[in-house]
>>> print(open('upload.txt').read())   # compact mmCIF, C-alpha atoms
# COMPACT_ATOMS: atom_id res chain seq x y z
CA MET K 1 98.99 86.23 93.75
CA LYS K 2 100.96 88.96 91.95
CA PHE K 3 100.04 89.77 88.36
CA ASN K 4 103.09 89.85 86.08
CA PRO K 5 101.91 91.23 82.74
CA HIS K 6 103.40 90.25 79.41
CA ASN K 7 104.88 92.99 77.24
CA TYR K 8 101.84 93.00 74.97
CA GLN K 9 99.58 93.44 78.00
CA LYS K 10 101.65 96.43 79.15
CA TYR K 11 101.40 97.87 75.65
CA VAL K 12 97.59 97.62 75.58
CA MET K 13 97.32 99.00 79.12
CA GLU K 14 99.38 102.03 78.14
CA TYR K 15 97.30 102.43 74.98
CA ILE K 16 94.10 102.56 77.05
CA VAL K 17 95.62 105.08 79.46
CA ASP K 18 96.75 107.29 76.57
CA HIS K 19 93.43 107.10 74.69
CA PRO K 20 90.25 108.33 76.42
CA ILE K 21 88.36 106.43 73.72
CA ALA K 22 89.79 102.95 73.08
CA ALA K 23 88.51 100.12 70.94
CA VAL K 24 90.50 97.09 72.08
CA LEU K 25 90.22 94.13 69.73
CA LEU K 26 91.84 91.21 71.52
CA ASP K 27 91.62 87.52 70.72
CA MET K 28 90.27 85.25 73.42
CA GLY K 29 92.92 84.23 75.92
CA LEU K 30 94.96 87.44 75.80
CA GLY K 31 93.67 88.60 79.19
CA LYS K 32 91.50 91.57 78.30
CA THR K 33 89.92 91.71 81.77
CA ALA K 34 93.28 91.88 83.59
CA ILE K 35 94.59 94.41 81.05
CA SER K 36 91.56 96.63 81.66
CA LEU K 37 92.02 96.38 85.43
CA MET K 38 95.67 97.41 85.06
CA ALA K 39 94.57 100.49 83.13
CA LEU K 40 91.87 101.29 85.70
CA LYS K 41 94.41 101.04 88.50
CA GLU K 42 96.72 103.49 86.74
CA LEU K 43 93.92 105.94 86.00
CA MET K 44 92.21 105.71 89.39
CA HIS K 45 94.99 105.18 91.92
CA ASN K 46 98.04 106.74 90.28
CA ARG K 47 96.78 109.53 88.03
CA PHE K 48 93.48 110.22 89.84
CA GLU K 49 91.78 110.88 86.51
CA VAL K 50 88.88 108.49 87.12
CA GLY K 51 86.57 108.15 90.10
CA LYS K 52 83.77 105.65 89.43
CA VAL K 53 83.76 102.99 86.71
CA LEU K 54 80.87 101.09 85.16
CA VAL K 55 81.65 97.70 83.60
CA VAL K 56 79.00 96.35 81.22
CA ALA K 57 79.28 92.69 80.28
CA PRO K 58 77.32 89.53 79.40
CA LEU K 59 75.54 88.15 82.45
CA ARG K 60 77.90 85.27 83.23
CA VAL K 61 80.95 87.45 82.64
CA ALA K 62 79.54 90.19 84.87
CA LYS K 63 78.62 87.75 87.60
CA ASN K 64 81.72 85.57 87.58
CA THR K 65 84.63 86.65 85.39
CA TRP K 66 85.17 90.26 86.50
CA PRO K 67 84.77 89.59 90.24
CA SER K 68 87.07 86.55 90.10
CA GLU K 69 89.78 88.51 88.23
CA ILE K 70 89.66 91.34 90.77
CA GLU K 71 89.88 88.90 93.69
CA LYS K 72 92.51 86.71 92.04
CA TRP K 73 95.36 89.24 91.86
CA ASP K 74 96.97 91.10 94.74
CA ASP K 75 97.49 94.05 92.40
CA PHE K 76 93.76 94.81 92.42
CA LYS K 77 92.99 94.24 96.10
CA ASP K 78 92.52 97.97 96.69
CA PHE K 79 89.54 98.07 94.30
CA SER K 80 86.10 98.02 95.83
CA PHE K 81 83.54 96.50 93.49
CA ALA K 82 79.84 95.68 93.40
CA VAL K 83 77.97 93.36 91.06
CA ALA K 84 74.57 94.77 90.04
CA VAL K 85 72.83 91.64 88.78
CA GLY K 86 69.87 89.65 90.04
CA THR K 87 66.65 91.15 91.39
CA ALA K 88 65.95 94.87 91.41
CA LYS K 89 66.52 94.87 95.17
CA GLN K 90 69.93 93.22 94.76
CA ARG K 91 70.89 95.65 92.00
CA LEU K 92 69.87 98.68 94.08
CA ALA K 93 71.89 97.34 97.00
CA ALA K 94 74.94 97.03 94.72
CA LEU K 95 74.57 100.61 93.53
CA ALA K 96 74.22 101.79 97.13
CA GLU K 97 77.71 100.43 97.89
CA ASN K 98 79.16 103.30 95.85
CA ALA K 99 82.05 101.04 94.85
CA ASP K 100 85.03 101.99 92.69
CA ILE K 101 83.82 99.54 90.04
CA THR K 102 80.19 98.64 89.47
CA ILE K 103 79.63 95.63 87.24
CA ILE K 104 76.30 95.13 85.48
CA ASN K 105 74.95 92.87 82.76
CA ARG K 106 74.05 94.60 79.50
CA GLU K 107 70.34 93.67 79.69
CA ASN K 108 69.97 95.87 82.80
CA LEU K 109 71.29 99.07 81.20
CA PRO K 110 67.76 100.48 80.56
CA TRP K 111 66.98 99.89 84.25
CA LEU K 112 70.22 101.57 85.29
CA LEU K 113 69.40 104.56 83.13
CA LYS K 114 66.19 105.05 85.07
CA VAL K 115 67.63 104.73 88.58
CA ASN K 116 71.12 106.25 88.35
CA PRO K 117 72.47 107.23 84.91
CA CYS K 118 75.01 109.89 85.94
CA LYS K 119 77.13 108.14 88.51
CA PHE K 120 80.05 106.96 86.35
CA ASP K 121 82.82 108.91 84.66
CA MET K 122 84.32 105.86 82.88
CA VAL K 123 82.66 102.94 81.11
CA VAL K 124 84.13 99.58 80.13
CA ILE K 125 82.09 97.62 77.59
CA ASP K 126 83.07 93.96 77.68
CA GLU K 127 81.96 92.55 74.30
CA LEU K 128 81.52 95.72 72.28
CA SER K 129 79.95 93.64 69.51
CA SER K 130 76.82 93.44 71.70
CA PHE K 131 76.11 97.07 70.77
CA LYS K 132 76.00 96.81 67.00
CA ASN K 133 72.20 97.11 66.84
CA ARG K 134 71.23 100.78 67.01
CA ASN K 135 67.58 99.87 67.63
CA ALA K 136 68.23 97.75 70.72
CA GLU K 137 67.24 99.14 74.12
CA ARG K 138 70.73 98.47 75.48
CA PHE K 139 72.24 100.58 72.69
CA LYS K 140 69.90 103.50 73.37
CA ALA K 141 70.55 103.31 77.11
CA MET K 142 74.30 103.15 76.61
CA MET K 143 74.27 106.25 74.41
CA LEU K 144 72.65 108.22 77.23
CA ILE K 145 74.87 106.79 79.98
CA ARG K 146 77.90 107.41 77.78
CA ARG K 147 77.26 111.18 77.76
CA ASN K 148 78.54 111.50 81.33
CA ALA K 149 81.63 109.35 80.86
CA LYS K 150 84.85 111.10 79.94
CA ARG K 151 86.53 107.77 79.18
CA ILE K 152 85.35 104.55 77.54
CA ILE K 153 86.86 101.20 76.60
CA GLY K 154 85.24 98.82 74.12
CA LEU K 155 86.52 95.25 74.37
CA THR K 156 85.84 92.50 71.83
CA GLY K 157 87.44 89.74 69.83
CA THR K 158 84.79 89.82 67.10
CA PRO K 159 84.30 93.43 65.95
CA SER K 160 82.56 92.68 62.66
CA SER K 161 80.99 89.27 63.11
CA ASN K 162 78.37 89.93 60.41
CA GLY K 163 80.38 92.24 58.18
CA LEU K 164 81.56 95.84 58.18
CA MET K 165 78.05 97.21 58.68
CA ASP K 166 78.26 96.14 62.34
CA LEU K 167 81.08 98.59 63.01
CA TRP K 168 78.91 101.69 62.82
CA GLY K 169 76.91 100.95 65.98
CA GLU K 170 79.97 99.77 67.90
CA MET K 171 81.94 102.91 67.07
CA LYS K 172 78.93 105.16 67.65
CA VAL K 173 78.74 104.21 71.34
CA LEU K 174 82.45 105.01 71.65
CA ASP K 175 82.82 108.31 69.76
CA PHE K 176 79.22 109.47 69.12
CA GLY K 177 79.71 108.98 65.38
CA GLN K 178 82.79 111.16 65.01
CA ARG K 179 84.65 108.67 62.79
CA LEU K 180 82.03 106.69 60.91
CA GLY K 181 79.22 109.24 60.90
CA ARG K 182 76.44 110.24 63.25
CA TYR K 183 73.79 108.35 61.27
CA ILE K 184 73.80 104.85 59.83
CA THR K 185 72.43 106.23 56.55
CA HIS K 186 75.49 108.44 56.13
CA TYR K 187 77.75 105.47 56.82
CA ARG K 188 75.91 103.30 54.28
CA ASN K 189 75.86 105.98 51.61
CA ARG K 190 79.55 106.73 52.01
CA TYR K 191 80.97 103.21 52.09
CA PHE K 192 78.37 100.80 50.67
CA VAL K 193 76.08 100.10 47.74
CA PRO K 194 72.95 97.94 47.66
CA ASP K 195 73.61 94.26 47.15
CA LYS K 196 70.63 91.92 47.43
CA ARG K 197 67.32 93.61 46.76
CA ASN K 198 63.77 93.11 45.51
CA GLY K 199 62.62 96.20 43.67
CA MET K 200 62.90 99.11 46.07
CA THR K 201 63.47 96.83 49.06
CA ILE K 202 67.16 96.43 49.88
CA PHE K 203 68.12 93.37 51.94
CA THR K 204 71.91 93.69 52.13
CA TYR K 205 74.72 96.10 51.27
CA LYS K 206 78.27 95.49 50.08
CA PRO K 207 81.33 97.75 50.46
CA ILE K 208 82.31 99.89 47.50
CA PRO K 209 85.84 99.32 46.13
CA GLY K 210 88.38 100.70 48.59
CA ALA K 211 85.82 101.18 51.36
CA GLU K 212 87.33 98.67 53.73
CA LYS K 213 90.68 100.46 53.89
CA LYS K 214 88.96 103.81 54.36
CA ILE K 215 86.86 102.44 57.23
CA TYR K 216 89.90 100.91 58.91
CA ASP K 217 91.83 104.14 58.50
CA ALA K 218 88.95 106.14 59.96
CA ILE K 219 88.96 104.17 63.23
CA SER K 220 92.66 103.40 63.47
CA ASP K 221 93.46 106.29 65.85
CA ILE K 222 91.35 104.76 68.63
CA THR K 223 91.79 101.07 67.83
CA VAL K 224 94.38 98.51 68.92
CA SER K 225 94.23 94.89 67.79
CA MET K 226 96.12 91.71 68.58
CA ARG K 227 95.85 88.05 67.65
CA ALA K 228 96.43 85.33 70.22
CA GLU K 229 98.70 83.29 67.95
CA ASP K 230 101.15 86.20 67.76
CA TYR K 231 101.65 86.42 71.53
CA LEU K 232 100.70 83.10 73.09
CA GLU K 233 101.78 79.53 72.68
CA MET K 234 98.47 78.39 71.28
CA PRO K 235 97.64 74.80 70.35
CA GLU K 236 97.21 73.87 66.73
CA LEU K 237 93.60 74.28 65.56
CA ILE K 238 92.30 71.66 63.16
CA CYS K 239 88.83 72.12 61.64
CA ASN K 240 87.12 69.27 59.82
CA THR K 241 83.81 68.77 58.05
CA TYR K 242 81.98 65.47 58.52
CA LYS K 243 79.34 65.20 55.79
CA VAL K 244 76.22 63.09 56.09
CA LYS K 245 73.76 62.27 53.32
CA LEU K 246 69.99 62.16 53.38
CA THR K 247 68.13 59.17 51.94
CA ASP K 248 66.03 59.76 48.85
CA ALA K 249 62.87 59.95 50.97
CA GLU K 250 64.45 62.40 53.43
CA ARG K 251 65.81 64.48 50.56
CA LYS K 252 62.33 64.66 49.02
CA VAL K 253 60.86 66.08 52.24
CA TYR K 254 63.65 68.66 52.53
CA ASP K 255 63.37 69.75 48.90
CA GLU K 256 59.58 70.05 49.08
CA LEU K 257 59.76 72.41 52.01
CA LYS K 258 62.53 74.43 50.36
CA LYS K 259 60.55 74.79 47.14
CA ASP K 260 57.00 75.16 48.36
CA MET K 261 57.55 76.40 51.94
CA VAL K 262 55.06 73.75 53.00
CA VAL K 263 55.36 69.97 53.33
CA GLU K 264 53.31 67.05 54.60
CA LEU K 265 55.31 65.20 57.23
CA GLY K 266 53.98 62.30 59.26
CA GLY K 267 50.39 63.36 58.67
CA ASP K 268 51.11 66.95 59.76
CA THR K 269 51.67 70.06 57.67
CA VAL K 270 54.89 72.01 58.23
CA THR K 271 54.81 75.56 56.87
CA ALA K 272 57.31 78.41 56.62
CA ASN K 273 55.67 81.81 56.33
CA ASN K 274 58.62 83.88 55.09
CA ALA K 275 62.25 83.64 54.05
CA ALA K 276 63.62 83.88 57.60
CA SER K 277 61.19 81.23 58.83
CA LEU K 278 62.06 79.01 55.88
CA SER K 279 65.76 79.30 56.66
CA ASN K 280 65.06 78.34 60.26
CA LYS K 281 62.96 75.33 59.24
CA LEU K 282 65.61 74.14 56.79
CA VAL K 283 68.33 74.34 59.44
CA GLN K 284 66.14 72.29 61.76
CA MET K 285 65.50 69.69 59.07
CA ALA K 286 69.21 69.49 58.27
CA ASN K 287 69.74 68.67 61.96
CA GLY K 288 67.09 65.95 61.89
CA ALA K 289 63.84 67.35 63.27
CA VAL K 290 61.47 70.26 62.75
CA TYR K 291 59.12 72.09 65.10
CA LEU K 292 55.37 71.97 64.58
CA ASN K 293 54.02 74.50 67.08
CA GLU K 294 55.48 73.39 70.44
CA ASP K 295 56.13 69.80 69.39
CA TYR K 296 58.60 68.55 66.84
CA ILE K 297 58.64 65.87 64.18
CA LYS K 298 61.67 63.67 63.56
CA VAL K 299 62.91 63.78 59.97
CA HIS K 300 66.15 61.76 60.01
CA ASN K 301 68.88 60.42 62.28
CA GLN K 302 71.86 61.04 60.00
CA LYS K 303 73.54 63.54 62.32
CA LEU K 304 72.80 61.46 65.41
CA ASP K 305 74.38 58.42 63.81
CA ALA K 306 77.43 60.47 62.83
CA LEU K 307 77.69 61.90 66.34
CA GLU K 308 77.57 58.41 67.85
CA ASP K 309 80.33 57.24 65.51
CA MET K 310 82.50 60.24 66.38
CA ILE K 311 82.03 59.81 70.13
CA GLU K 312 82.89 56.12 69.87
CA ALA K 313 85.94 56.98 67.75
CA ALA K 314 87.08 59.31 70.53
CA SER K 315 87.56 56.18 72.68
CA GLY K 316 86.62 57.84 75.93
CA LYS K 317 88.31 61.15 75.17
CA PRO K 318 86.09 64.05 76.39
CA VAL K 319 84.04 65.71 73.67
CA LEU K 320 82.09 68.98 73.69
CA VAL K 321 78.97 68.93 71.53
CA ALA K 322 77.44 72.24 70.41
CA TYR K 323 73.71 72.14 69.66
CA TRP K 324 71.25 74.84 68.63
CA TYR K 325 67.61 73.72 69.00
CA ARG K 326 65.84 72.21 71.96
CA HIS K 327 64.94 69.18 69.87
CA ASP K 328 68.63 68.76 69.05
CA LEU K 329 69.39 68.60 72.75
CA GLU K 330 66.58 66.18 73.56
CA ARG K 331 67.46 63.80 70.72
CA ILE K 332 71.19 63.95 71.53
CA GLU K 333 70.51 63.20 75.20
CA GLU K 334 68.29 60.27 74.24
CA ARG K 335 71.04 58.85 72.03
CA LEU K 336 73.73 59.36 74.69
CA ARG K 337 71.64 57.52 77.27
CA LYS K 338 71.39 54.58 74.90
CA MET K 339 75.16 54.72 74.43
CA LYS K 340 75.55 54.69 78.23
CA VAL K 341 78.12 57.49 78.30
CA LYS K 342 78.39 60.01 81.10
CA PHE K 343 77.23 63.44 79.93
CA ASP K 344 75.77 66.69 81.19
CA ARG K 345 74.68 70.08 79.94
CA ILE K 346 77.41 72.63 80.58
CA ASP K 347 75.21 75.37 81.98
CA THR K 348 75.89 75.46 85.74
CA ASP K 349 78.91 75.98 87.95
CA ALA K 350 78.71 72.31 88.97
CA SER K 351 78.63 71.03 85.39
CA ILE K 352 81.48 73.34 84.38
CA ALA K 353 83.57 71.98 87.24
CA ALA K 354 82.68 68.41 86.30
CA TRP K 355 83.80 69.03 82.72
CA ASN K 356 87.08 70.69 83.70
CA ASN K 357 87.77 67.85 86.17
CA ARG K 358 87.32 65.40 83.28
CA GLU K 359 84.42 63.67 84.98
CA LEU K 360 82.32 63.78 81.80
CA GLN K 361 82.77 62.00 78.50
CA VAL K 362 80.39 64.38 76.70
CA GLY K 363 79.55 67.98 77.52
CA LEU K 364 76.55 69.61 75.81
CA ILE K 365 76.79 73.34 75.19
CA HIS K 366 74.60 75.97 73.55
CA PRO K 367 76.57 78.77 71.83
CA ALA K 368 74.28 81.51 73.14
CA GLY K 369 74.70 80.27 76.70
CA CYS K 370 78.40 79.46 76.77
CA GLY K 371 79.88 81.88 74.26
CA HIS K 372 81.38 84.36 76.73
CA GLY K 373 83.34 83.95 79.90
CA LEU K 374 83.72 80.18 80.22
CA ASN K 375 87.09 78.46 80.49
CA LEU K 376 86.62 74.86 79.40
CA GLN K 377 90.11 74.11 78.11
CA LYS K 378 91.01 71.84 81.02
CA GLY K 379 88.25 69.34 80.26
CA GLY K 380 89.07 68.44 76.68
CA SER K 381 90.27 69.51 73.27
CA THR K 382 87.60 68.18 70.89
CA MET K 383 84.42 69.99 69.85
CA ILE K 384 81.66 68.71 67.59
CA TRP K 385 79.14 71.10 66.04
CA PHE K 386 75.91 69.11 65.77
CA GLY K 387 73.92 72.20 64.77
CA LEU K 388 75.54 75.23 63.15
CA THR K 389 74.94 78.93 63.81
CA TRP K 390 74.92 81.84 61.37
CA SER K 391 76.63 84.03 64.00
CA LEU K 392 80.39 84.24 63.57
CA GLU K 393 80.64 85.86 67.01
CA LEU K 394 78.92 82.97 68.77
CA TYR K 395 80.84 80.45 66.69
CA GLN K 396 84.27 81.92 67.48
CA GLN K 397 83.45 82.51 71.14
CA THR K 398 82.26 78.92 71.53
CA VAL K 399 85.35 77.45 69.88
CA GLY K 400 87.39 79.78 72.07
CA ARG K 401 86.19 77.99 75.19
CA ILE K 402 88.74 75.22 74.47
CA PHE K 403 91.03 76.86 71.89
CA ARG K 404 92.81 79.18 74.28
CA GLN K 405 95.85 79.60 76.49
CA GLY K 406 95.99 76.89 79.12
CA GLN K 407 94.83 74.12 76.79
CA VAL K 408 96.92 71.14 77.90
CA ASN K 409 96.73 69.37 74.53
CA LYS K 410 98.85 70.49 71.62
CA THR K 411 95.98 70.14 69.17
CA VAL K 412 92.36 71.31 69.31
CA VAL K 413 90.02 69.55 66.88
CA VAL K 414 86.72 71.13 65.80
CA GLU K 415 84.38 68.89 63.82
CA HIS K 416 81.34 70.16 61.92
CA ILE K 417 78.58 67.69 61.07
CA VAL K 418 77.17 69.01 57.80
CA THR K 419 74.18 67.55 55.98
CA GLU K 420 75.18 67.42 52.33
CA GLY K 421 73.16 69.48 49.88
CA THR K 422 71.34 71.45 52.60
CA ILE K 423 71.50 74.90 54.13
CA ASP K 424 74.31 73.62 56.38
CA GLU K 425 76.73 74.11 53.49
CA GLN K 426 75.59 77.72 53.03
CA ILE K 427 76.11 78.43 56.74
CA MET K 428 79.66 77.10 56.60
CA LYS K 429 80.44 79.28 53.58
CA ALA K 430 78.88 82.33 55.26
CA LEU K 431 81.00 81.83 58.37
CA GLU K 432 84.12 81.61 56.22
CA ARG K 433 83.25 84.82 54.36
CA LYS K 434 82.52 86.73 57.55
CA GLU K 435 85.76 85.55 59.11
CA SER K 436 87.68 86.81 56.11
CA THR K 437 86.17 90.30 56.49
CA GLN K 438 86.83 90.37 60.21
CA ASN K 439 90.41 89.20 59.80
CA GLN K 440 91.07 92.05 57.36
CA LEU K 441 89.83 94.54 59.95
CA ILE K 442 91.97 93.09 62.71
CA ASP K 443 95.06 93.00 60.51
CA ALA K 444 94.52 96.62 59.48
CA VAL K 445 94.78 97.91 63.02
CA LYS K 446 97.01 95.20 64.42
CA ALA K 447 99.62 96.30 66.93
CA HIS K 448 103.21 95.51 66.11
CA LEU K 449 105.63 95.33 69.01
CA GLU K 450 108.51 93.30 70.32
CA VAL K 451 107.39 90.55 72.70
>>> encode(input="upload.txt", output="structure tokens")
Amino acid sequence: MKFNPHNYQKYVMEYIVDHPIAAVLLDMGLGKTAISLMALKELMHNRFEVGKVLVVAPLRVAKNTWPSEIEKWDDFKDFSFAVAVGTAKQRLAALAENADITIINRENLPWLLKVNPCKFDMVVIDELSSFKNRNAERFKAMMLIRRNAKRIIGLTGTPSSNGLMDLWGEMKVLDFGQRLGRYITHYRNRYFVPDKRNGMTIFTYKPIPGAEKKIYDAISDITVSMRAEDYLEMPELICNTYKVKLTDAERKVYDELKKDMVVELGGDTVTANNAASLSNKLVQMANGAVYLNEDYIKVHNQKLDALEDMIEAASGKPVLVAYWYRHDLERIEERLRKMKVKFDRIDTDASIAAWNNRELQVGLIHPAGCGHGLNLQKGGSTMIWFGLTWSLELYQQTVGRIFRQGQVNKTVVVEHIVTEGTIDEQIMKALERKESTQNQLIDAVKAHLEV
């Protein structure tokens, strides 16, 4: 099949070709993989500027998405490629193929650094946001591999999922700190001031007045950004909040844990040893259960009851349900069996196919496992968040599995089950604040062109 790019895809391809360092911020559904392959074809086969390319991506994307895109289009049939995932033996065999494009999952970068760090003169990072943590092993390995690459592309749809502080690490792997500073301390001191703190301990920072524009200006010469709604016929996205209330007894248990970080529950003592642990316990309790070592204790069924009502209201229409904890999954599955609806976890090729073939009434997905590289738009247009996540990146990527080009329904509905008066409400507000910051970044470097 011949690939016929849209004008915006040609624009981004030319941008990559013209910029040895390119941060490409594209919404889901805009075809970032195909755009990158177009640019690689121009650089490798027409201009002869690039020999060997390393593509670094999330595991599922590395294993499935990139190979399928290369094989799908006649335009890329001249590329040889190897997928370096799996066992060490399988990865070594992939490297031995000496292919034009070697595709590897990001977790294996430290291994690659040890066995063959100097082989590639161009790097494509699929999901640049995965490299925001300067202390992660993948970040350190990428910085060393990057030294030998004369070109690099950073692809993402969520550049600042947790605020502007994330940008430093992402830009550092692209330009070695040329634009935002070589050290995170310099970046913080120049653009931020302490926000939440306890004495000399600083927990968070906030941008100084005017910092956002200065940061956007600093990276604008290597950054191109586009929103899907500007270039694609996207369905309408409707987001709703379905609030549930705890009983007085359930509220008492929740409030005790929040106040004292310890509570007696069903004859057992549930403790939270620090603020992060407390937050985690409160999220669990808002969902309806809480872990006690390896087991869990049921607290309430408010969200399960709401989920049952919503599934019944769908009248057989397929519904994706996003969960976070293992006890969420187990309790949801137990309830679905009682409801006698056909469901499955969307975590295998077979279950993905079953969902897209509309063989399931309910699909169960975990944001960390389905966030990147899955196309689920053919199976349905309704998503219910049973358990929320603090991560804007995982949230947006998960919603993007059905809110994307190719969605057959004109409307995508995303429901959030929120336990009233609990940490759920804080998570929703945090996601909204983070999205506002990220949208400002994208708008600041947004490409304007005739389509």
>>> closest_residue(input="upload.txt", among="K:Leu431, K:Met44, K:Leu320, K:Ile442", to="Ile402 in chain K", atoms="all atoms listed in the file")
K:Leu320
>>> atom_distance(input="upload.txt", atom1="CA of Ser68 in chain K", atom2="CA of Asn98 in chain K")
19.4 Å
>>> closest_residue(input="upload.txt", among="K:Ile384, K:Val12, K:Val173, K:Val414", to="Ile238 in chain K", atoms="only C-alpha atoms")
K:Val414
>>> closest_residue(input="upload.txt", among="K:Asn280, K:Thr241, K:Asn293, K:Gly379", to="Met428 in chain K", atoms="only C-alpha atoms")
K:Thr241
>>> residues_around(input="upload.txt", residues="Gln302 in chain K", least_positions_apart="2", cutoff="9 Å", atoms="all atoms listed in the file", output="PyMOL selection string")
chain K and resi 244-246+287-288+300+304-307+419
>>> residues_around(input="upload.txt", residues="range 86-93 of chain K", least_positions_apart="2", cutoff="12 Å", atoms="all atoms listed in the file", output="list in words")
Leu59, Arg60, Ala62, Lys63, Ala82, Val83, Ala84, Leu95, Ala96, Glu97, Asn98, Ala99, Thr102, Ile103, Ile104, Asn105, Glu107, Asn108, Leu109, Trp111, Leu112, Lys114, Val115 and Asn116 of chain K
>>> write_last_selection(input="upload.txt", atoms="C-alpha atoms", output="CSV table (one decimal), in the coordinates of the input")
chain,number,residue,atom,x,y,z
K,59,LEU,CA,75.5,88.2,82.4
K,60,ARG,CA,77.9,85.3,83.2
K,62,ALA,CA,79.5,90.2,84.9
K,63,LYS,CA,78.6,87.8,87.6
K,82,ALA,CA,79.8,95.7,93.4
K,83,VAL,CA,78.0,93.4,91.1
K,84,ALA,CA,74.6,94.8,90.0
K,95,LEU,CA,74.6,100.6,93.5
K,96,ALA,CA,74.2,101.8,97.1
K,97,GLU,CA,77.7,100.4,97.9
K,98,ASN,CA,79.2,103.3,95.8
K,99,ALA,CA,82.0,101.0,94.8
K,102,THR,CA,80.2,98.6,89.5
K,103,ILE,CA,79.6,95.6,87.2
K,104,ILE,CA,76.3,95.1,85.5
K,105,ASN,CA,75.0,92.9,82.8
K,107,GLU,CA,70.3,93.7,79.7
K,108,ASN,CA,70.0,95.9,82.8
K,109,LEU,CA,71.3,99.1,81.2
K,111,TRP,CA,67.0,99.9,84.2
K,112,LEU,CA,70.2,101.6,85.3
K,114,LYS,CA,66.2,105.0,85.1
K,115,VAL,CA,67.6,104.7,88.6
K,116,ASN,CA,71.1,106.2,88.4
>>> atom_distance(input="upload.txt", atom1="CA of Trp66 in chain K", atom2="CA of Leu37 in chain K")
9.2 Å
>>> residues_around(input="upload.txt", residues="Arg227 in chain K", least_positions_apart="2", cutoff="9 Å", atoms="all atoms listed in the file", output="number ranges by chain")
K: 25-28, 30, 157, 225, 229-232, 442-443, 446
>>> residues_around(input="upload.txt", residues="Pro367 in chain K", least_positions_apart="4", cutoff="12 Å", atoms="only C-alpha atoms", output="PyMOL selection string")
chain K and resi 320-325+346-347+371-374+383+385-401
>>> atom_distance(input="upload.txt", atom1="CA of Glu333 in chain K", atom2="CA of Gly406 in chain K")
29.2 Å
>>> closest_residue(input="upload.txt", among="K:Trp355, K:Gly163, K:Ala313, K:Asn375", to="Thr65 in chain K", atoms="only C-alpha atoms")
K:Asn375
>>> residues_around(input="upload.txt", residues="Tyr191 in chain K", least_positions_apart="2", cutoff="9 Å", atoms="all atoms listed in the file", output="VMD selection string")
chain K and resid 186 to 189 193 206 to 212 214 to 215
>>> write_last_selection(input="upload.txt", atoms="C-alpha atoms", output="PDB file, in the coordinates of the input")
ATOM      1  CA  HIS K 186      75.490 108.440  56.130  1.00  0.00           C
ATOM      2  CA  TYR K 187      77.750 105.470  56.820  1.00  0.00           C
ATOM      3  CA  ARG K 188      75.910 103.300  54.280  1.00  0.00           C
ATOM      4  CA  ASN K 189      75.860 105.980  51.610  1.00  0.00           C
ATOM      5  CA  VAL K 193      76.080 100.100  47.740  1.00  0.00           C
ATOM      6  CA  LYS K 206      78.270  95.490  50.080  1.00  0.00           C
ATOM      7  CA  PRO K 207      81.330  97.750  50.460  1.00  0.00           C
ATOM      8  CA  ILE K 208      82.310  99.890  47.500  1.00  0.00           C
ATOM      9  CA  PRO K 209      85.840  99.320  46.130  1.00  0.00           C
ATOM     10  CA  GLY K 210      88.380 100.700  48.590  1.00  0.00           C
ATOM     11  CA  ALA K 211      85.820 101.180  51.360  1.00  0.00           C
ATOM     12  CA  GLU K 212      87.330  98.670  53.730  1.00  0.00           C
ATOM     13  CA  LYS K 214      88.960 103.810  54.360  1.00  0.00           C
ATOM     14  CA  ILE K 215      86.860 102.440  57.230  1.00  0.00           C
TER      15      ILE K 215
END
>>> closest_residue(input="upload.txt", among="K:Leu113, K:Val123, K:Leu167, K:Met1", to="Lys72 in chain K", atoms="only C-alpha atoms")
K:Met1
>>> closest_residue(input="upload.txt", among="K:Lys340, K:Lys140, K:Arg197, K:Lys2", to="Glu312 in chain K", atoms="all atoms listed in the file")
K:Lys340
>>> residues_near_point(input="upload.txt", point="(63.1, 65.7, 53.4)", cutoff="9 Å", atoms="all atoms listed in the file", output="number ranges by chain")
K: 246-257, 263, 265, 285-286, 299-300
>>> write_last_selection(input="upload.txt", atoms="C-alpha atoms", output="PDB file, in the frame of the given file")
ATOM      1  CA  LEU K 246      69.990  62.160  53.380  1.00  0.00           C
ATOM      2  CA  THR K 247      68.130  59.170  51.940  1.00  0.00           C
ATOM      3  CA  ASP K 248      66.030  59.760  48.850  1.00  0.00           C
ATOM      4  CA  ALA K 249      62.870  59.950  50.970  1.00  0.00           C
ATOM      5  CA  GLU K 250      64.450  62.400  53.430  1.00  0.00           C
ATOM      6  CA  ARG K 251      65.810  64.480  50.560  1.00  0.00           C
ATOM      7  CA  LYS K 252      62.330  64.660  49.020  1.00  0.00           C
ATOM      8  CA  VAL K 253      60.860  66.080  52.240  1.00  0.00           C
ATOM      9  CA  TYR K 254      63.650  68.660  52.530  1.00  0.00           C
ATOM     10  CA  ASP K 255      63.370  69.750  48.900  1.00  0.00           C
ATOM     11  CA  GLU K 256      59.580  70.050  49.080  1.00  0.00           C
ATOM     12  CA  LEU K 257      59.760  72.410  52.010  1.00  0.00           C
ATOM     13  CA  VAL K 263      55.360  69.970  53.330  1.00  0.00           C
ATOM     14  CA  LEU K 265      55.310  65.200  57.230  1.00  0.00           C
ATOM     15  CA  MET K 285      65.500  69.690  59.070  1.00  0.00           C
ATOM     16  CA  ALA K 286      69.210  69.490  58.270  1.00  0.00           C
ATOM     17  CA  VAL K 299      62.910  63.780  59.970  1.00  0.00           C
ATOM     18  CA  HIS K 300      66.150  61.760  60.010  1.00  0.00           C
TER      19      HIS K 300
END
